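For reference, coords.cif is printed below; it contains mmCIF, C-alpha atoms.
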```cif
data_run
loop_
_atom_site.label_atom_id
_atom_site.label_comp_id
_atom_site.auth_asym_id
_atom_site.auth_seq_id
_atom_site.Cartn_x
_atom_site.Cartn_y
_atom_site.Cartn_z
CA MET A 1 57.97 90.87 74.18
CA GLY A 2 57.50 92.19 77.67
CA LYS A 3 60.09 93.75 79.92
CA LYS A 4 62.65 91.54 81.63
CA MET A 5 61.69 90.57 85.14
CA PRO A 6 64.09 91.64 87.90
CA TYR A 7 66.04 89.10 89.91
CA MET A 8 64.75 87.88 93.25
CA LEU A 9 67.10 88.18 96.20
CA GLY A 10 65.51 86.74 99.33
CA TYR A 11 62.04 88.27 99.38
CA ASN A 12 62.97 91.40 97.39
CA TRP A 13 63.07 92.01 93.65
CA VAL A 14 66.27 93.71 92.51
CA LYS A 15 67.88 94.59 89.21
CA LYS A 16 70.83 92.64 87.89
CA LYS A 17 73.26 95.52 88.38
CA ASP A 18 72.17 95.79 92.06
CA LEU A 19 73.05 92.19 92.92
CA PRO A 20 75.75 91.99 95.61
CA TRP A 21 78.23 90.10 93.43
CA ASN A 22 77.80 92.64 90.62
CA LYS A 23 78.12 95.68 92.87
CA GLU A 24 81.67 94.65 93.77
CA LYS A 25 82.72 94.71 90.09
CA LEU A 26 83.80 98.01 88.60
CA ILE A 27 82.79 96.96 85.07
CA ARG A 28 80.76 93.87 84.31
CA ASN A 29 82.40 91.18 82.17
CA VAL A 30 85.74 93.03 82.22
CA ASP A 31 88.84 91.91 84.11
CA VAL A 32 90.41 95.19 85.23
CA GLU A 33 93.36 93.62 87.03
CA GLY A 34 96.54 95.35 85.90
CA LEU A 35 94.66 97.92 83.80
CA ARG A 36 94.74 101.68 84.16
CA PHE A 37 91.68 103.94 84.12
CA ARG A 38 92.32 106.82 81.72
CA LEU A 39 90.16 109.93 82.17
CA VAL A 40 89.56 111.96 79.01
CA ASP A 41 87.82 115.33 78.84
CA ALA A 42 86.19 115.56 75.39
CA LYS A 43 85.15 119.20 75.68
CA GLY A 44 86.19 121.11 72.55
CA LEU A 45 87.96 118.13 70.93
CA VAL A 46 87.42 117.03 67.33
CA LEU A 47 85.52 113.77 67.02
CA GLY A 48 87.83 111.98 64.56
CA ARG A 49 91.08 112.91 66.29
CA LEU A 50 89.74 111.87 69.70
CA ALA A 51 88.31 108.58 68.42
CA SER A 52 91.61 107.58 66.78
CA GLN A 53 93.52 108.12 70.02
CA LEU A 54 90.95 106.29 72.14
CA SER A 55 91.05 103.28 69.81
CA LYS A 56 94.83 103.04 70.35
CA ILE A 57 94.38 103.07 74.14
CA LEU A 58 91.67 100.40 74.01
CA GLN A 59 93.92 98.17 71.91
CA GLY A 60 96.91 98.76 74.21
CA LYS A 61 99.09 100.22 71.46
CA ASP A 62 100.54 102.73 73.92
CA LYS A 63 102.12 99.91 75.97
CA PRO A 64 105.34 98.00 75.30
CA THR A 65 103.41 94.75 75.92
CA TYR A 66 101.08 95.30 72.95
CA ASP A 67 99.88 92.09 71.33
CA PRO A 68 97.22 92.25 68.58
CA SER A 69 95.86 88.86 69.68
CA LYS A 70 95.43 89.88 73.36
CA ASP A 71 93.05 92.34 75.00
CA ARG A 72 95.44 94.34 77.18
CA GLY A 73 94.17 97.86 76.59
CA ASP A 74 93.26 100.22 79.41
CA VAL A 75 89.81 101.35 80.50
CA VAL A 76 88.82 104.74 79.06
CA VAL A 77 86.42 107.06 80.89
CA VAL A 78 85.23 109.97 78.74
CA VAL A 79 83.40 112.97 80.21
CA ASN A 80 81.74 115.99 78.55
CA ALA A 81 80.92 113.96 75.44
CA LYS A 82 78.07 116.33 74.59
CA ASP A 83 80.59 119.16 74.01
CA ILE A 84 82.55 117.35 71.32
CA GLU A 85 83.07 119.17 68.01
CA LEU A 86 82.76 118.15 64.37
CA THR A 87 84.52 119.94 61.53
CA GLY A 88 82.80 121.37 58.50
CA ARG A 89 79.07 120.70 58.16
CA LYS A 90 79.14 117.14 59.48
CA PHE A 91 76.80 118.00 62.33
CA GLU A 92 73.92 118.58 59.88
CA ASN A 93 75.02 116.56 56.83
CA LYS A 94 76.58 113.37 58.23
CA VAL A 95 74.03 110.54 58.24
CA TYR A 96 73.97 107.18 60.05
CA ARG A 97 72.22 104.43 58.10
CA TRP A 98 71.19 100.92 59.14
CA HIS A 99 68.71 98.29 58.02
CA THR A 100 66.18 96.46 60.17
CA GLY A 101 66.24 93.35 57.99
CA TYR A 102 62.66 93.75 56.80
CA PRO A 103 61.63 94.97 53.32
CA GLY A 104 61.81 98.74 53.17
CA GLY A 105 63.55 98.82 56.53
CA LEU A 106 66.36 101.25 55.62
CA LYS A 107 66.65 103.78 58.44
CA GLU A 108 68.75 106.91 58.67
CA ARG A 109 69.51 109.54 61.26
CA THR A 110 71.70 112.64 61.14
CA VAL A 111 74.33 113.45 63.72
CA LYS A 112 72.18 116.32 65.01
CA GLU A 113 69.24 113.98 65.60
CA GLN A 114 71.50 111.44 67.29
CA TRP A 115 73.02 114.14 69.48
CA GLU A 116 69.54 115.14 70.65
CA ARG A 117 68.74 111.50 71.48
CA ASP A 118 72.04 110.36 73.00
CA PRO A 119 75.25 112.39 72.47
CA THR A 120 77.44 109.57 73.78
CA GLU A 121 76.48 107.31 70.88
CA ILE A 122 78.27 109.59 68.38
CA LEU A 123 81.67 109.01 69.98
CA ARG A 124 80.92 105.35 70.64
CA ARG A 125 80.19 104.71 66.96
CA ALA A 126 83.33 106.54 65.87
CA VAL A 127 85.61 104.60 68.23
CA SER A 128 83.98 101.26 67.45
CA GLY A 129 84.47 101.85 63.74
CA MET A 130 88.21 102.37 64.27
CA LEU A 131 88.72 99.13 66.20
CA PRO A 132 89.78 95.95 64.35
CA LYS A 133 86.82 93.83 63.24
CA ASN A 134 87.67 90.66 65.16
CA ASN A 135 86.61 88.69 68.24
CA LEU A 136 88.19 91.25 70.61
CA ARG A 137 86.11 94.16 69.37
CA LYS A 138 83.19 93.59 71.74
CA ALA A 139 85.46 93.20 74.76
CA ARG A 140 87.30 96.42 73.90
CA ASN A 141 84.05 98.33 73.50
CA ARG A 142 83.05 97.30 77.04
CA LYS A 143 86.07 99.18 78.40
CA LEU A 144 84.90 102.44 76.84
CA ARG A 145 82.71 104.38 79.28
CA ILE A 146 81.25 107.62 77.95
CA PHE A 147 79.32 110.22 79.97
CA PRO A 148 77.59 113.29 78.49
CA GLY A 149 78.46 115.65 81.35
CA PRO A 150 81.37 116.20 83.73
CA ASP A 151 80.14 113.56 86.22
CA HIS A 152 80.90 109.84 86.01
CA ASP A 153 79.93 106.69 87.92
CA PHE A 154 83.38 105.69 89.15
CA ASP A 155 84.33 106.20 92.78
CA GLU A 156 87.69 107.97 92.83
CA SER A 157 88.41 106.54 96.29
CA LYS A 158 88.44 103.02 94.79
CA VAL A 159 89.77 103.76 91.32
CA GLU A 160 92.73 105.96 90.37
CA LEU A 161 91.74 107.95 87.29
CA ILE A 162 94.76 109.03 85.26
CA PRO A 163 94.11 112.12 83.10
CA TYR A 164 94.93 111.73 79.42
CA GLU A 165 95.65 114.55 76.99
CA LEU A 166 95.78 114.21 73.24
CA PRO A 167 99.28 114.51 71.73
CA GLU A 168 100.13 117.60 69.75
CA ARG A 169 98.97 117.37 66.18
CA GLY A 170 101.88 116.89 63.78
CA ILE A 171 102.23 118.88 60.58
CA ARG A 172 102.12 116.78 57.43
CA MET A 173 103.62 118.54 54.43
CA THR A 174 101.79 117.76 51.18
CA LYS A 175 104.59 119.32 49.17
CA ARG A 176 107.92 120.90 49.97
CA VAL A 177 107.50 124.58 50.71
CA ALA A 178 110.29 126.94 49.73
CA PHE A 179 111.93 127.82 53.03
CA LEU A 180 113.32 131.32 53.30
CA ASP A 181 116.58 131.30 55.21
CA GLN A 182 116.64 134.52 57.19
CA SER A 183 119.95 133.88 58.91
CA GLN A 184 121.55 136.78 57.05
CA MET A 185 119.21 139.41 58.42
CA PRO A 186 120.73 142.50 60.07
CA ASP A 187 121.43 142.57 63.78
CA GLY A 188 118.45 143.29 66.02
CA ILE A 189 115.86 141.89 63.57
CA GLN A 190 114.00 138.63 64.15
CA PRO A 191 111.07 136.76 62.51
CA LEU A 192 107.65 137.86 63.65
CA ASN A 193 106.25 134.31 64.08
CA ARG A 194 108.95 132.60 66.11
CA GLU A 195 106.99 129.36 66.65
CA TRP A 196 106.52 128.82 62.91
CA TYR A 197 110.17 129.68 62.25
CA GLU A 198 111.43 127.21 64.88
CA LYS A 199 109.11 124.49 63.54
CA MET A 200 110.37 125.02 59.99
CA CYS A 201 113.97 124.87 61.21
CA ARG A 202 113.31 121.50 62.85
CA LEU A 203 111.43 120.24 59.80
CA TYR A 204 114.19 121.09 57.31
CA LYS A 205 116.99 120.42 59.82
CA ILE A 206 118.40 123.94 59.71
CA ALA A 207 120.13 125.48 62.69
CA ASN A 208 118.01 128.17 64.29
CA PRO A 209 120.02 131.41 64.26
CA TYR A 210 117.71 132.89 66.91
CA PRO A 211 117.68 130.39 69.80
CA LYS A 212 116.74 133.04 72.34
CA PRO A 213 114.43 136.05 71.98
CA VAL A 214 116.09 139.44 72.04
CA GLU A 215 114.37 142.27 73.85
CA ASP A 216 113.46 145.45 71.96
CA PHE A 217 113.96 143.97 68.52
CA GLU A 218 112.40 145.06 65.27
CA SER A 219 110.18 142.35 63.70
CA THR A 220 109.73 141.82 59.97
#
```

Target encoding C-alpha cells, full file:
Amino acid sequence: MGKKMPYMLGYNWVKKKDLPWNKEKLIRNVDVEGLRFRLVDAKGLVLGRLASQLSKILQGKDKPTYDPSKDRGDVVVVVNAKDIELTGRKFENKVYRWHTGYPGGLKERTVKEQWERDPTEILRRAVSGMLPKNNLRKARNRKLRIFPGPDHDFDESKVELIPYELPERGIRMTKRVAFLDQSQMPDGIQPLNREWYEKMCRLYKIANPYPKPVEDFEST
C-alpha cells in the first residue's frame, strides 16, 4: 500500500494535523475540559514504579470522583523518557515478543534494541499493560504523551502544566524484625541512624525517646 495522501485545503495540500480545526485541539480525539495536565520528569526513575503511578493518574484514581466506568483521568505529559532506569539486568535480558499472524512470524526485541529505536515505547508499553483491559483503555492511552528529551509540544501559555512527583516508597516488612528498644541508653547517647530509628518507632508504634537531636552527642 502506498502512503496516505494529504488533505486538500483550498489549493494547498496539508497534513491532517495541520488542518485549522485540528490545530485548535490540544489532543486529538480527547475532551480535555475539566482535566489537568500533569508534567512528570522521568529522569532517574524506575520504570515499573513510574508506570504504576501513571496508570493511576490516567484512570483518575487520585480523584474523589473516580468511577471505573468513566474516563475521568488527567492528561500526563512525560519528559526525559530516554533517561528512565531499569533494575537488575532487564535492559539486556527483558524481551518483547509479538506475532505477525503469519506462519513463523514470531518476532522479538530486547529493551536495549527498543530503546535505540524509540525510547518512549518502553514506558508506553509498561503503562498500557497496567491499565484495565476494557473499552476505556484506548482512550486512556491517548492521554499519555511521552517525549524522549526535556522538550514537549505543549504551549505553556495555553496549558497549565502541574508538576507531579512520585510518592515516597513505603517499606513493606516481609517478616517482623526484632526491634531493639534503646530508650534506656545513658544520657548524651543517641542512635547513629536517626531516620531509620524514627521510621521503626512509627512502624511499631513506640514513642521516640529522642524527638530532637542533641548537639555534641556520642553516637553508637

statement: One residue among A:Arg142, A:Phe37, A:Ser69, A:Leu58 is nearest to A:Asp155 when using only C-alpha atoms, and that residue is A:Phe37

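For A:Gly48, the list of residues within 12 Å, based on only C-alpha atoms and with local chain neighbours fewer than 3 positions off taken out, reads Ala42, Leu45, Ala51, Ser52, Gln53, Leu54, Ser55, Ile84, Glu85, Leu86, Thr87, Lys90, Ile122, Leu123, Arg124, Arg125, Ala126, Val127, Ser128, Gly129, Met130 and Leu166 of chain A.
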
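Closest approach to A:Leu161 among A:Val75, A:Pro64, A:Arg49, A:Gln114: A:Val75, based on all atoms listed in the file.
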
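Near A:Asp151, within 10 Å and counting only C-alpha atoms, sit Val78, Val79 and Asn80 of chain A; same-chain residues fewer than 5 positions away were not included.
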
May I have the residues from that selection written out with C-alpha atoms, as a PDB file, keeping the file's coordinate frame?
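Written output follows (again-v9.pdb):
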```pdb
ATOM      1  CA  VAL A  78      85.230 109.970  78.740  1.00  0.00           C
ATOM      2  CA  VAL A  79      83.400 112.970  80.210  1.00  0.00           C
ATOM      3  CA  ASN A  80      81.740 115.990  78.550  1.00  0.00           C
TER       4      ASN A  80
END
```

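Taking atom CA of A:Asp31 and atom CA of A:Lys138 as the two end points, the separation is 13.7 Å.
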
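Using all atoms listed in the file, the smallest distance between any of A:Gly60, A:Ile206, A:Trp196, A:Pro103 and A:Arg72 comes from A:Gly60.
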
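Taking all atoms listed in the file, the non-local environment of A:Tyr96 within 7 Å (same-chain residues fewer than 4 positions away omitted) comprises Glu108, Arg109 and Thr110 of chain A.
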
Output for the residues just chosen: C-alpha atoms as a compact mmCIF listing (two decimals), in the frame of the given file:
```txt
# COMPACT_ATOMS: atom_id res chain seq x y z
CA GLU A 108 68.75 106.91 58.67
CA ARG A 109 69.51 109.54 61.26
CA THR A 110 71.70 112.64 61.14
```

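We find atom CA of A:Lys43 and atom CA of A:Ala81 to be spaced 6.7 Å apart.
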
Separation of atom CA of A:Arg202 from atom CA of A:Asp62 in Å: 25.3 Å

message: as a list in words, please: the residues near A:Asp71 (cut-off 9 Å, all atoms listed in the file, same-chain neighbours under 2 positions excluded).
response: Leu58, Gln59, Gly60, Tyr66, Asp67, Pro68, Ser69, Gly73, Leu136, Ala139 and Arg140 of chain A

task: Find the residues around A:Ile162 up to 10 Å (all atoms listed in the file counted), leave out those fewer than 5 positions away in its own chain, and share them as a ChimeraX atom specification.
output: /A:36-40,76-77

What does the PyMOL selection byres ((chain A and resi 119) around 9) select in this file, as a CSV table (one decimal) with C-alpha atoms, in the coordinates of the input?
```csv
chain,number,residue,atom,x,y,z
A,81,ALA,CA,80.9,114.0,75.4
A,82,LYS,CA,78.1,116.3,74.6
A,83,ASP,CA,80.6,119.2,74.0
A,84,ILE,CA,82.6,117.4,71.3
A,111,VAL,CA,74.3,113.4,63.7
A,112,LYS,CA,72.2,116.3,65.0
A,114,GLN,CA,71.5,111.4,67.3
A,115,TRP,CA,73.0,114.1,69.5
A,116,GLU,CA,69.5,115.1,70.6
A,117,ARG,CA,68.7,111.5,71.5
A,118,ASP,CA,72.0,110.4,73.0
A,120,THR,CA,77.4,109.6,73.8
A,121,GLU,CA,76.5,107.3,70.9
A,122,ILE,CA,78.3,109.6,68.4
A,123,LEU,CA,81.7,109.0,70.0
A,147,PHE,CA,79.3,110.2,80.0
A,148,PRO,CA,77.6,113.3,78.5
```

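Minimum atom-to-atom distances from A:Cys201, A:Lys56, A:Arg28, A:Glu33 to A:Val159 were compared using only C-alpha atoms, and the lowest value belongs to A:Glu33.
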
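Considering only C-alpha atoms, the residue among A:Met200, A:Lys107, A:Leu50, A:Pro150 positioned nearest to A:Pro167 is A:Leu50.
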